[in-house]
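Have a look at final00.txt below; it lists compact mmCIF, C-alpha atoms.
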# COMPACT_ATOMS: atom_id res chain seq x y z
CA MET Z 174 5.31 0.38 2.43
CA ASP Z 175 3.11 0.23 -0.64
CA ARG Z 176 1.61 -2.27 -2.98
CA THR Z 177 3.21 -0.61 -6.01
CA GLU Z 178 6.46 -2.35 -5.10
CA ILE Z 179 7.61 -4.48 -8.02
CA ARG Z 180 8.00 -8.16 -7.19
CA LYS Z 181 10.48 -10.50 -8.84
CA SER Z 182 9.22 -11.97 -12.15
CA GLU Z 183 6.03 -9.92 -11.98
CA LYS Z 184 4.54 -9.75 -15.50
CA ALA Z 185 4.65 -6.23 -16.92
CA PHE Z 186 3.18 -4.45 -19.95
CA LEU Z 187 4.81 -1.27 -21.33
CA ILE Z 188 3.01 1.73 -22.84
CA GLY Z 189 4.72 4.31 -25.08
CA VAL Z 190 3.11 7.33 -26.69
CA LEU Z 191 4.04 9.02 -29.97
CA HIS Z 192 3.09 12.69 -29.87
CA GLY Z 193 4.48 16.16 -30.52
CA ASN Z 194 7.84 16.15 -32.32
CA GLN Z 195 8.75 12.61 -31.29
CA THR Z 196 9.55 10.06 -33.97
CA ALA Z 197 8.69 6.37 -33.91
CA GLU Z 198 12.41 5.59 -33.64
CA VAL Z 199 12.84 7.76 -30.52
CA VAL Z 200 9.79 6.22 -28.82
CA LYS Z 201 11.15 2.74 -29.58
CA GLU Z 202 14.49 3.69 -27.99
CA HIS Z 203 12.69 4.97 -24.90
CA LEU Z 204 10.64 1.77 -24.63
CA ASP Z 205 13.79 -0.33 -24.99
CA GLU Z 206 15.27 1.57 -22.06
CA LEU Z 207 12.00 1.24 -20.11
CA LYS Z 208 12.23 -2.53 -20.64
CA GLN Z 209 15.76 -2.48 -19.20
CA LEU Z 210 14.52 -0.51 -16.21
CA ALA Z 211 11.62 -2.91 -15.63
CA GLU Z 212 13.96 -5.91 -15.78
CA THR Z 213 16.39 -4.19 -13.39
CA ALA Z 214 13.47 -3.80 -10.97
CA GLY Z 215 12.77 -7.54 -11.28
CA ALA Z 216 9.75 -7.50 -13.60
CA MET Z 217 9.29 -9.73 -16.65
CA VAL Z 218 8.13 -7.73 -19.66
CA VAL Z 219 5.57 -9.70 -21.71
CA GLY Z 220 4.46 -7.02 -24.18
CA GLN Z 221 4.30 -3.37 -25.16
CA ILE Z 222 2.04 -0.96 -27.05
CA THR Z 223 2.82 2.33 -28.80
CA GLN Z 224 -0.08 4.76 -29.24
CA ASN Z 225 -0.17 7.69 -31.70
CA LEU Z 226 -1.73 10.76 -30.07
CA ARG Z 227 -2.56 14.17 -31.45
CA LYS Z 228 -3.08 15.48 -27.92
CA ILE Z 229 -2.85 14.03 -24.42
CA ASN Z 230 -6.14 12.80 -22.95
CA PRO Z 231 -6.62 14.56 -19.57
CA GLN Z 232 -8.50 11.53 -18.13
CA TYR Z 233 -6.34 8.56 -19.18
CA PHE Z 234 -3.31 10.16 -20.93
CA ILE Z 235 -4.24 7.92 -23.88
CA GLY Z 236 -7.79 7.64 -25.29
CA LYS Z 237 -10.43 5.92 -23.12
CA GLY Z 238 -11.09 3.28 -25.78
CA LYS Z 239 -7.38 2.49 -26.03
CA ALA Z 240 -7.17 2.38 -22.23
CA ARG Z 241 -9.91 -0.27 -22.09
CA GLN Z 242 -8.21 -2.24 -24.88
CA ILE Z 243 -4.89 -2.21 -22.98
CA ILE Z 244 -6.56 -3.42 -19.78
CA GLU Z 245 -8.28 -6.29 -21.61
CA GLN Z 246 -5.03 -7.28 -23.33
CA ALA Z 247 -3.21 -7.15 -19.99
CA LYS Z 248 -5.81 -9.42 -18.37
CA THR Z 249 -5.46 -11.92 -21.23
CA LEU Z 250 -1.69 -12.07 -20.64
CA ASP Z 251 -2.11 -12.29 -16.83
CA VAL Z 252 -0.23 -9.02 -16.50
CA GLU Z 253 0.08 -7.67 -12.95
CA LEU Z 254 1.75 -4.36 -13.77
CA ILE Z 255 1.29 -1.69 -16.48
CA ILE Z 256 4.15 0.80 -16.88
CA PHE Z 257 3.82 4.08 -18.82
CA ASP Z 258 6.99 5.61 -20.26
CA ASP Z 259 5.53 9.09 -19.70
CA GLU Z 260 4.61 10.71 -16.40
CA LEU Z 261 0.96 10.29 -15.38
CA ASN Z 262 -0.74 12.88 -13.22
CA PRO Z 263 -2.60 11.73 -10.05
CA GLY Z 264 -6.01 11.91 -11.74
CA GLN Z 265 -4.91 9.75 -14.67
CA VAL Z 266 -3.52 7.12 -12.28
CA LYS Z 267 -6.78 7.08 -10.34
CA ASN Z 268 -8.92 6.74 -13.50
CA PHE Z 269 -6.76 3.93 -14.85
CA LEU Z 270 -6.94 2.07 -11.55
CA GLN Z 271 -10.74 2.18 -11.68
CA LEU Z 272 -10.56 0.39 -15.04
CA ALA Z 273 -7.71 -1.92 -14.10
CA LYS Z 274 -9.04 -3.14 -10.73
CA ASN Z 275 -6.26 -5.47 -9.50
CA ILE Z 276 -3.61 -4.48 -12.07
CA LYS Z 277 -1.05 -1.98 -10.75
CA ILE Z 278 -0.42 1.20 -12.75
CA ILE Z 279 2.88 3.10 -12.51
CA ASP Z 280 4.85 5.45 -14.74
CA ARG Z 281 8.56 5.72 -15.54
CA ASN Z 282 9.17 7.89 -12.47
CA GLY Z 283 7.57 5.35 -10.15
CA LEU Z 284 9.66 2.59 -11.73
CA ILE Z 285 12.94 4.49 -11.28
CA LEU Z 286 12.06 5.25 -7.67
CA ASP Z 287 11.39 1.55 -7.04
CA ILE Z 288 14.84 0.67 -8.43
CA PHE Z 289 16.52 3.36 -6.33
CA ARG Z 290 14.77 2.09 -3.19
CA LYS Z 291 16.07 -1.44 -3.81
CA HIS Z 292 19.64 -0.31 -4.53
CA ALA Z 293 20.08 2.24 -1.72
CA GLN Z 294 22.69 1.02 0.79
CA THR Z 295 23.88 3.90 2.95
CA ARG Z 296 21.87 6.07 5.35
CA GLU Z 297 22.21 9.01 2.96
CA ALA Z 298 20.97 7.14 -0.12
CA LYS Z 299 18.08 5.55 1.79
CA THR Z 300 17.03 8.95 3.17
CA GLN Z 301 17.21 10.59 -0.27
CA VAL Z 302 15.22 7.84 -1.96
CA GLU Z 303 12.54 7.65 0.74
CA LEU Z 304 12.02 11.42 0.56
CA ALA Z 305 11.67 11.33 -3.24
CA GLN Z 306 9.32 8.34 -3.07
CA LEU Z 307 7.04 9.94 -0.47
CA GLU Z 308 6.88 13.24 -2.39
CA TYR Z 309 5.96 11.26 -5.50
CA MET Z 310 3.40 9.18 -3.59
CA LEU Z 311 1.60 11.99 -1.73
CA PRO Z 312 -0.50 13.47 -4.58
CA ARG Z 313 -1.14 9.97 -5.98
CA LEU Z 314 -2.33 8.40 -2.74
CA THR Z 315 -5.06 5.84 -3.42
CA ARG Z 316 -5.96 2.41 -2.15
CA GLN Z 317 -3.04 1.22 -4.25
CA TRP Z 318 -1.03 1.96 -1.09
CA SER Z 319 -1.62 0.16 2.18
CA HIS Z 320 -2.36 1.98 5.44
CA LEU Z 321 0.79 3.62 6.75
CA GLU Z 322 0.06 3.72 10.49
CA ARG Z 323 2.07 0.59 11.28
CA GLN Z 324 5.13 1.72 9.35
CA MET Z 325 5.06 5.42 10.23
CA GLY Z 326 2.82 5.56 13.25
CA GLY Z 327 3.21 6.55 16.86
CA ILE Z 328 1.61 8.99 19.25
CA GLY Z 329 -0.76 11.34 17.49
CA THR Z 330 -1.04 9.32 14.29
CA ARG Z 331 -4.32 7.52 14.90
CA ALA Z 332 -7.40 8.66 13.03
CA GLY Z 333 -9.60 11.14 14.83
CA MET Z 334 -13.38 10.95 14.90
CA GLY Z 335 -14.59 10.85 11.31
CA GLU Z 336 -11.11 11.23 9.84
CA ALA Z 337 -10.83 9.12 6.68
CA GLN Z 338 -7.95 6.66 6.50
CA ILE Z 339 -6.57 8.24 3.34
CA GLU Z 340 -6.33 11.60 5.16
CA VAL Z 341 -4.45 9.89 8.00
CA ASP Z 342 -2.04 8.44 5.43
CA ARG Z 343 -1.49 11.87 3.88
CA ARG Z 344 -0.82 13.38 7.30
CA LEU Z 345 1.68 10.64 8.13
CA ILE Z 346 3.48 11.15 4.83
CA ARG Z 347 3.76 14.92 5.36
CA GLN Z 348 5.18 14.37 8.85
CA ARG Z 349 7.72 11.88 7.52
CA ILE Z 350 8.71 14.20 4.63
CA SER Z 351 9.37 17.01 7.12
CA LYS Z 352 11.59 14.72 9.23
CA LEU Z 353 13.51 13.41 6.19
CA LYS Z 354 14.21 16.94 4.93
CA LYS Z 355 15.76 17.82 8.30
CA GLU Z 356 17.89 14.67 8.16
CA LEU Z 357 19.10 15.53 4.64
CA THR Z 358 20.00 19.07 5.73
CA HIS Z 359 22.14 17.55 8.49
CA ILE Z 360 23.76 15.09 6.03
CA GLU Z 361 24.52 17.95 3.62
CA GLN Z 362 26.24 19.89 6.42
CA GLU Z 363 28.37 16.81 7.17
CA ARG Z 364 29.29 16.56 3.48
CA GLN Z 365 30.31 20.21 3.36
CA THR Z 366 32.55 19.70 6.42
CA GLN Z 367 34.17 16.68 4.75
CA SER Z 368 34.57 18.68 1.54
CA LYS Z 369 36.47 21.46 3.33
CA ARG Z 370 38.99 18.91 4.60
CA ARG Z 371 39.71 17.95 0.97
CA LYS Z 372 39.99 21.47 -0.44
CA ASP Z 373 43.75 21.20 -1.03
CA GLU Z 374 43.32 18.04 -3.12
CA TYR Z 375 42.71 18.04 -6.88
CA ARG Z 376 39.22 16.57 -7.27
CA VAL Z 377 37.95 14.72 -10.34
CA ALA Z 378 34.32 13.56 -10.62
CA LEU Z 379 32.97 10.85 -12.89
CA VAL Z 380 29.55 11.61 -14.35
CA GLY Z 381 27.65 9.74 -17.01
CA TYR Z 382 24.56 7.94 -18.13
CA THR Z 383 23.68 4.96 -15.97
CA ASN Z 384 25.57 1.79 -16.92
CA ALA Z 385 28.18 3.69 -18.97
CA GLY Z 386 30.97 1.98 -17.00
CA LYS Z 387 31.90 4.70 -14.49
CA SER Z 388 32.52 2.25 -11.65
CA THR Z 389 34.61 0.02 -13.92
CA LEU Z 390 36.68 3.06 -14.92
CA MET Z 391 37.14 3.99 -11.27
CA ARG Z 392 38.40 0.50 -10.49
CA ALA Z 393 40.78 0.59 -13.49
CA LEU Z 394 42.27 3.95 -12.43
CA SER Z 395 42.41 3.37 -8.68
CA GLY Z 396 43.21 -0.35 -8.62
CA GLU Z 397 40.75 -0.72 -5.74
CA ASP Z 398 37.58 -2.78 -5.54
CA VAL Z 399 34.35 -0.88 -6.09
CA PHE Z 400 30.90 -2.35 -6.61
CA ILE Z 401 30.28 -3.18 -10.28
CA GLN Z 402 27.18 -4.74 -11.80
CA ASP Z 403 25.90 -4.74 -15.39
CA GLN Z 404 22.53 -3.14 -14.73
CA LEU Z 405 20.97 0.31 -14.51
CA PHE Z 406 21.60 2.27 -11.30
CA ALA Z 407 23.87 -0.37 -9.74
CA THR Z 408 25.66 2.48 -7.89
CA LEU Z 409 23.75 5.10 -5.89
CA ASP Z 410 26.25 6.07 -3.23
CA THR Z 411 29.19 8.37 -3.90
CA THR Z 412 32.51 6.51 -3.84
CA ILE Z 413 35.79 8.44 -3.42
CA ARG Z 414 39.26 7.02 -4.01
CA LYS Z 415 42.73 8.60 -3.98
CA VAL Z 416 44.50 7.91 -7.29
CA GLN Z 417 48.22 8.46 -7.98
CA LEU Z 418 48.45 9.41 -11.67
CA ASP Z 419 52.26 9.63 -11.66
CA GLN Z 420 55.09 10.50 -9.27
CA TYR Z 421 53.95 14.11 -8.89
CA HIS Z 422 50.20 14.09 -9.59
CA SER Z 423 47.50 12.61 -7.38
CA ILE Z 424 43.74 13.15 -7.44
CA LEU Z 425 40.63 12.36 -5.43
CA LEU Z 426 38.35 10.51 -7.85
CA SER Z 427 34.61 10.33 -7.10
CA ASP Z 428 31.88 8.24 -8.71
CA THR Z 429 28.26 9.36 -8.29
CA VAL Z 430 24.80 8.17 -9.25
CA GLY Z 431 24.24 7.67 -12.98
CA PHE Z 432 21.92 9.92 -14.98
CA ILE Z 433 18.98 8.87 -17.13
CA ARG Z 434 16.51 10.64 -19.38
CA LYS Z 435 13.27 11.79 -17.73
CA LEU Z 436 14.91 11.56 -14.29
CA PRO Z 437 12.16 12.24 -11.70
CA HIS Z 438 12.29 15.85 -10.49
CA ASP Z 439 11.81 14.82 -6.83
CA LEU Z 440 14.76 12.46 -7.15
CA VAL Z 441 16.97 15.15 -8.69
CA ALA Z 442 16.10 17.48 -5.79
CA SER Z 443 16.77 14.78 -3.17
CA PHE Z 444 20.19 13.89 -4.59
CA ARG Z 445 21.59 17.43 -4.54
CA SER Z 446 23.84 16.68 -1.55
CA THR Z 447 25.29 13.59 -3.30
CA LEU Z 448 26.17 15.66 -6.37
CA LEU Z 449 28.08 18.15 -4.23
CA GLU Z 450 31.19 16.17 -5.24
CA VAL Z 451 30.52 17.05 -8.88
CA PHE Z 452 29.76 20.68 -8.10
CA GLU Z 453 33.06 21.15 -6.23
CA ALA Z 454 35.24 19.09 -8.59
CA ASN Z 455 38.20 20.71 -10.35
CA LEU Z 456 37.59 18.45 -13.36
CA ILE Z 457 34.62 16.41 -14.60
CA LEU Z 458 35.03 13.25 -16.66
CA ILE Z 459 31.87 12.73 -18.74
CA VAL Z 460 31.75 8.98 -19.37
CA LEU Z 461 29.75 7.76 -22.37
CA ASP Z 462 28.98 4.25 -23.59
CA ALA Z 463 30.61 4.38 -27.04
CA ALA Z 464 28.81 1.18 -28.11
CA SER Z 465 25.33 2.60 -27.44
CA ASP Z 466 23.27 3.79 -30.39
CA GLN Z 467 21.86 6.50 -28.10
CA VAL Z 468 25.24 8.01 -27.20
CA SER Z 469 24.24 11.48 -28.50
CA GLU Z 470 21.00 11.50 -26.54
CA HIS Z 471 22.86 10.29 -23.46
CA MET Z 472 25.25 13.25 -23.79
CA ASN Z 473 22.29 15.64 -24.07
CA THR Z 474 20.73 14.16 -20.92
CA ILE Z 475 23.98 14.55 -18.96
CA GLU Z 476 24.36 18.18 -20.06
CA GLU Z 477 20.74 18.93 -19.11
CA VAL Z 478 21.13 17.46 -15.61
CA LEU Z 479 24.44 19.27 -15.03
CA LYS Z 480 22.83 22.51 -16.18
CA GLU Z 481 19.87 21.97 -13.82
CA PHE Z 482 22.35 21.70 -10.94
CA GLY Z 483 24.24 24.78 -12.08
CA ILE Z 484 27.28 22.68 -13.03
CA LYS Z 485 28.09 24.06 -16.47
CA ARG Z 486 31.32 26.07 -16.26
CA HIS Z 487 33.53 23.28 -14.97
CA LYS Z 488 36.45 21.91 -16.95
CA ALA Z 489 35.40 18.62 -18.50
CA LEU Z 490 36.88 15.79 -20.53
CA THR Z 491 34.68 13.46 -22.57
CA VAL Z 492 35.54 9.76 -22.20
CA LEU Z 493 34.12 7.29 -24.72
CA ASN Z 494 34.16 3.99 -22.84
CA LYS Z 495 33.52 0.39 -24.01
CA ILE Z 496 35.43 0.69 -27.30
CA ASP Z 497 36.16 -3.03 -26.91
CA LEU Z 498 32.53 -3.60 -28.00
CA ILE Z 499 32.98 -1.73 -31.31
CA SER Z 500 34.14 -3.75 -34.30
CA GLU Z 501 33.07 -1.55 -37.23
CA ASN Z 502 35.35 1.17 -38.60
CA LYS Z 503 32.24 3.10 -39.65
CA ARG Z 504 31.15 3.40 -36.00
CA MET Z 505 34.61 4.49 -34.84
CA ASN Z 506 34.82 7.12 -37.57
CA PHE Z 507 31.38 8.45 -36.61
CA LEU Z 508 32.46 8.83 -32.96
CA LYS Z 509 35.70 10.57 -33.95
CA ARG Z 510 33.75 13.08 -36.07
CA LYS Z 511 31.06 13.58 -33.42
CA TYR Z 512 33.46 13.90 -30.47
CA PRO Z 513 36.86 14.94 -31.91
CA ASP Z 514 38.33 15.83 -28.50
CA ALA Z 515 37.05 12.73 -26.70
CA ILE Z 516 39.36 10.10 -25.22
CA MET Z 517 38.45 6.56 -26.30
CA VAL Z 518 39.08 3.86 -23.69
CA SER Z 519 38.01 0.43 -22.54
CA ALA Z 520 37.92 0.48 -18.74
CA LYS Z 521 37.10 -3.24 -18.71
CA ASP Z 522 40.18 -4.20 -20.76
CA GLN Z 523 42.26 -1.23 -19.48
CA LEU Z 524 42.89 0.03 -23.02
CA ARG Z 525 44.19 3.58 -23.67
CA LEU Z 526 44.02 4.57 -20.01
CA ASP Z 527 47.50 6.11 -20.38
CA ARG Z 528 46.04 8.66 -22.81
CA LEU Z 529 43.29 9.55 -20.31
CA ILE Z 530 45.82 9.91 -17.49
CA ALA Z 531 48.02 12.13 -19.68
CA GLU Z 532 45.04 14.37 -20.49
CA MET Z 533 44.15 14.66 -16.79
CA ILE Z 534 47.73 15.60 -15.91
CA GLU Z 535 47.79 18.22 -18.68
CA THR Z 536 44.52 19.70 -17.39
CA MET Z 537 45.84 19.68 -13.83
CA ASN Z 538 49.04 21.46 -14.91
CA ALA Z 539 46.98 24.27 -16.44
CA ASP Z 540 45.55 24.85 -12.95
CA TYR Z 541 49.00 24.79 -11.35
CA LYS Z 542 51.56 27.51 -10.80
CA THR Z 543 55.34 27.30 -10.47
CA VAL Z 544 57.26 29.92 -8.45
CA GLU Z 545 60.58 30.42 -6.69
CA ILE Z 546 60.42 31.47 -3.05
CA THR Z 547 63.26 32.29 -0.59
CA PHE Z 548 63.41 31.70 3.19
CA SER Z 549 66.06 32.66 5.72
CA TYR Z 550 67.52 29.90 7.89
CA ASP Z 551 65.61 31.14 10.97
CA GLN Z 552 62.27 30.61 9.13
CA GLY Z 553 62.30 26.86 9.67
CA LYS Z 554 58.63 26.65 10.67
CA GLU Z 555 57.52 28.76 7.69
CA LEU Z 556 59.74 26.71 5.37
CA ALA Z 557 58.09 23.47 6.52
CA LYS Z 558 54.57 24.90 6.11
CA ALA Z 559 55.35 26.20 2.62
CA GLN Z 560 56.19 22.68 1.44
CA GLU Z 561 52.79 21.26 2.40
CA ASN Z 562 50.47 20.28 -0.49
CA VAL Z 563 52.93 21.43 -3.16
CA GLU Z 564 55.62 19.73 -5.23
CA VAL Z 565 59.18 20.90 -4.51
CA LEU Z 566 60.95 20.93 -7.87
CA GLU Z 567 64.29 22.38 -6.70
CA ARG Z 568 65.95 23.23 -3.38
CA HIS Z 569 69.03 25.53 -3.35
CA TYR Z 570 71.02 26.18 -0.15
CA GLN Z 571 72.70 29.58 -0.13
CA ASN Z 572 74.89 31.37 2.44
CA ASP Z 573 72.05 33.05 4.29
CA SER Z 574 68.89 31.50 2.82
CA ILE Z 575 67.16 28.57 1.14
CA ARG Z 576 65.53 29.04 -2.25
CA LEU Z 577 62.68 26.69 -3.21
CA LYS Z 578 61.14 26.16 -6.60
CA ILE Z 579 57.62 24.88 -5.94
CA LYS Z 580 54.68 23.82 -8.06
CA GLY Z 581 51.12 23.51 -6.80
CA LYS Z 582 47.50 24.44 -7.26
CA ARG Z 583 47.27 28.12 -8.13
CA ASP Z 584 45.24 28.97 -5.01
CA ARG Z 585 47.68 27.15 -2.71
CA VAL Z 586 50.77 28.77 -4.25
CA ASN Z 587 49.21 32.24 -4.03
CA GLN Z 588 48.38 31.54 -0.38
CA ILE Z 589 52.06 30.67 0.34
CA ILE Z 590 53.28 33.83 -1.43
CA ASN Z 591 50.84 36.05 0.50
CA GLN Z 592 51.73 34.44 3.87
CA TYR Z 593 55.50 34.19 3.70
CA GLN Z 594 56.77 36.78 1.21
Can the structure from this file be put into structure tokens for me?
Amino acid sequence: MDRTEIRKSEKAFLIGVLHGNQTAEVVKEHLDELKQLAETAGAMVVGQITQNLRKINPQYFIGKGKARQIIEQAKTLDVELIIFDDELNPGQVKNFLQLAKNIKIIDRNGLILDIFRKHAQTREAKTQVELAQLEYMLPRLTRQWSHLERQMGGIGTRAGMGEAQIEVDRRLIRQRISKLKKELTHIEQERQTQSKRRKDEYRVALVGYTNAGKSTLMRALSGEDVFIQDQLFATLDTTIRKVQLDQYHSILLSDTVGFIRKLPHDLVASFRSTLLEVFEANLILIVLDAASDQVSEHMNTIEEVLKEFGIKRHKALTVLNKIDLISENKRMNFLKRKYPDAIMVSAKDQLRLDRLIAEMIETMNADYKTVEITFSYDQGKELAKAQENVEVLERHYQNDSIRLKIKGKRDRVNQIINQYQ
């Protein structure tokens, strides 16, 4: 749809800015992640620049002199794409493009959206990503994008007398955004219907920074194939698997899109329906990459995103994954001090998964209730119904009745008591 699409092996130049309370170390970490993102999108990073700023330049984000210097350096390196780690406003993009001519200018948000577009597989993910991309594109519409009539056209889309092409493009985008929002509302209603069917199941949701190993952990726990790839945002679509923890405990385990710092606001809004699984989960497993030097910042990002979605009072267990990549005792001791209640595992090598399963069962049991309930022999139908979605611990046959000792989710057990006693 647009010429900002990143092509394979396209040469890219990264720009980071040091301002406010940021340290040089933090900016370097962000640029390292931006490099990973660019490579995931298919670009080849050939250089980067960090600029110290006392205040943001309203015209170019960085100073005009520095902007010209970057453009000249990019031309020398035959760079086709300049990527800013910080969000640029529409005016700054336009001003930079006037200097850059044929070099594309995008920011971190645009890069993430490009990756999401390439990785979306299902109708839901494609709809969510297209909506976020169009809402991002609309205020930034310039000749960097091609005319949209062919892709989004139809009756009533042709330019009227004197109507500029860019205005036609804006009108087409607004029409498409309106249609996509209606589609997402319909998809969300479908999700809610599916969710109601699973209300008697104990639901556990995996959340974590992108590439923390959530999908690998899901495969290790469920024993079923799920898509796994060692790159950022390999998984966009929610995957749900039934997992039998032991003879008496089973869960529905869901894996959702990974989080990342500076996640585009439009993307967060578009993916609300996907994260319904997290919102309605009985337990959240926060999966962290124990081998990452940014593990603390990753945890902060996860907590911020969950808070933005209103998911902050759920029961949660912290899982430190990839311990197979840690060889230093100093690192292990740091993690134990930092996250004393965390469960350390290696999903890849299936190490210490028994401890994680035991913790999940203990958490489940805290949500369960055990009661004894008596039925007369002529209550056969009620007796059968009362044994649905609960664990029957004991069954005693008496002269005129049957006494059951049952264990189940608190809500389900209370429902049985209110209906049949």
**range 270-286 of chain Z surroundings by only C-alpha atoms, 8 Å radius, close-in-sequence under 5 positions cut, as a VMD selection string** = chain Z and resid 177 207 210 to 211 214 241 244 252 to 261 302 305 to 306 309 317 435 to 437 440
**Request:** Compute the distance from (53.7, 27.4, 2.9) to each atom, counting all atoms listed in the file, keep the residues with any atom at most 9 Å away, and return them as a ChimeraX atom specification; use the coordinates of the file.
**Result:** /Z:555-563,585-586,588-590,592-593
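Of the residues listed (Z:Thr196, Z:Gln301, Z:Asn494, Z:Thr474), Z:Gln301 shows the shortest atom-to-atom separation from Lys352 in chain Z; distances use all atoms listed in the file.
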**Request:** Could you please give me, as an NGL selection string, the residues of protein, DNA or RNA lying at most 12 Å from (42.8, 18.0, -24.4) in the coordinate frame of the file, considering only C-alpha atoms?
**Result:** :Z and (458 or 488-492 or 512-516 or 528-539)
Please save C-alpha atoms of the selected residues as a short mmCIF file (atom, residue, chain, number, x, y, z; two decimals), in the coordinates of the input.
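So out.cif came out as:
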data_model
loop_
_atom_site.label_atom_id
_atom_site.label_comp_id
_atom_site.auth_asym_id
_atom_site.auth_seq_id
_atom_site.Cartn_x
_atom_site.Cartn_y
_atom_site.Cartn_z
CA LEU Z 458 35.03 13.25 -16.66
CA LYS Z 488 36.45 21.91 -16.95
CA ALA Z 489 35.40 18.62 -18.50
CA LEU Z 490 36.88 15.79 -20.53
CA THR Z 491 34.68 13.46 -22.57
CA VAL Z 492 35.54 9.76 -22.20
CA TYR Z 512 33.46 13.90 -30.47
CA PRO Z 513 36.86 14.94 -31.91
CA ASP Z 514 38.33 15.83 -28.50
CA ALA Z 515 37.05 12.73 -26.70
CA ILE Z 516 39.36 10.10 -25.22
CA ARG Z 528 46.04 8.66 -22.81
CA LEU Z 529 43.29 9.55 -20.31
CA ILE Z 530 45.82 9.91 -17.49
CA ALA Z 531 48.02 12.13 -19.68
CA GLU Z 532 45.04 14.37 -20.49
CA MET Z 533 44.15 14.66 -16.79
CA ILE Z 534 47.73 15.60 -15.91
CA GLU Z 535 47.79 18.22 -18.68
CA THR Z 536 44.52 19.70 -17.39
CA MET Z 537 45.84 19.68 -13.83
CA ASN Z 538 49.04 21.46 -14.91
CA ALA Z 539 46.98 24.27 -16.44
#
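For the pair CA of His487 in chain Z and CA of Phe432 in chain Z, the separation is 17.7 Å.
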**Request:** May I have the residues within 9 Å of Gly386 in chain Z as a ChimeraX atom specification, using only C-alpha atoms and disregarding those fewer than 2 positions away in the same chain?
**Result:** /Z:381-384,388-391,401,403,460-462,494-495,520-521
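CA of Met517 in chain Z lies 23.4 Å from CA of Arg434 in chain Z.
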Mind giving me the axis-aligned box for range 352-357 of chain Z with 6 Å on every side, centre plus edges in Å to one decimal, as AutoDock Vina command-line options?
--center_x 15.3 --center_y 15.6 --center_z 6.9 --size_x 19.5 --size_y 16.4 --size_z 16.6
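Taking CA of Ile459 in chain Z and CA of Arg414 in chain Z as the two end points, the separation is 17.4 Å.
Residue nearest Arg296 in chain Z, chosen from Z:His192, Z:Asn572, Z:Ile360, Z:Met310 and counting only C-alpha atoms: Z:Ile360.
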**Prompt:** Can you list, as a PyMOL selection string, every protein, DNA or RNA residue that comes within 9 Å of range 545-550 of chain Z when you count all atoms listed in the file, leaving out same-chain residues fewer than 5 positions away?
**Reply:** chain Z and resi 555-556+567+573-580+590+593-594
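Taking all atoms listed in the file into account, Lys267 in chain Z lies nearest to Z:Phe234 out of the set Z:Gln467, Z:Phe234, Z:Asp251, Z:Thr543.
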**Item:** Contacts of range 496-503 of chain Z at 7 Å (all atoms listed in the file; same-chain gap of 2+ positions) as a list in words
**Value:** Ala463, Ala464, Asn494, Met505, Asn506, Phe507, Met517, Val518 and Ser519 of chain Z
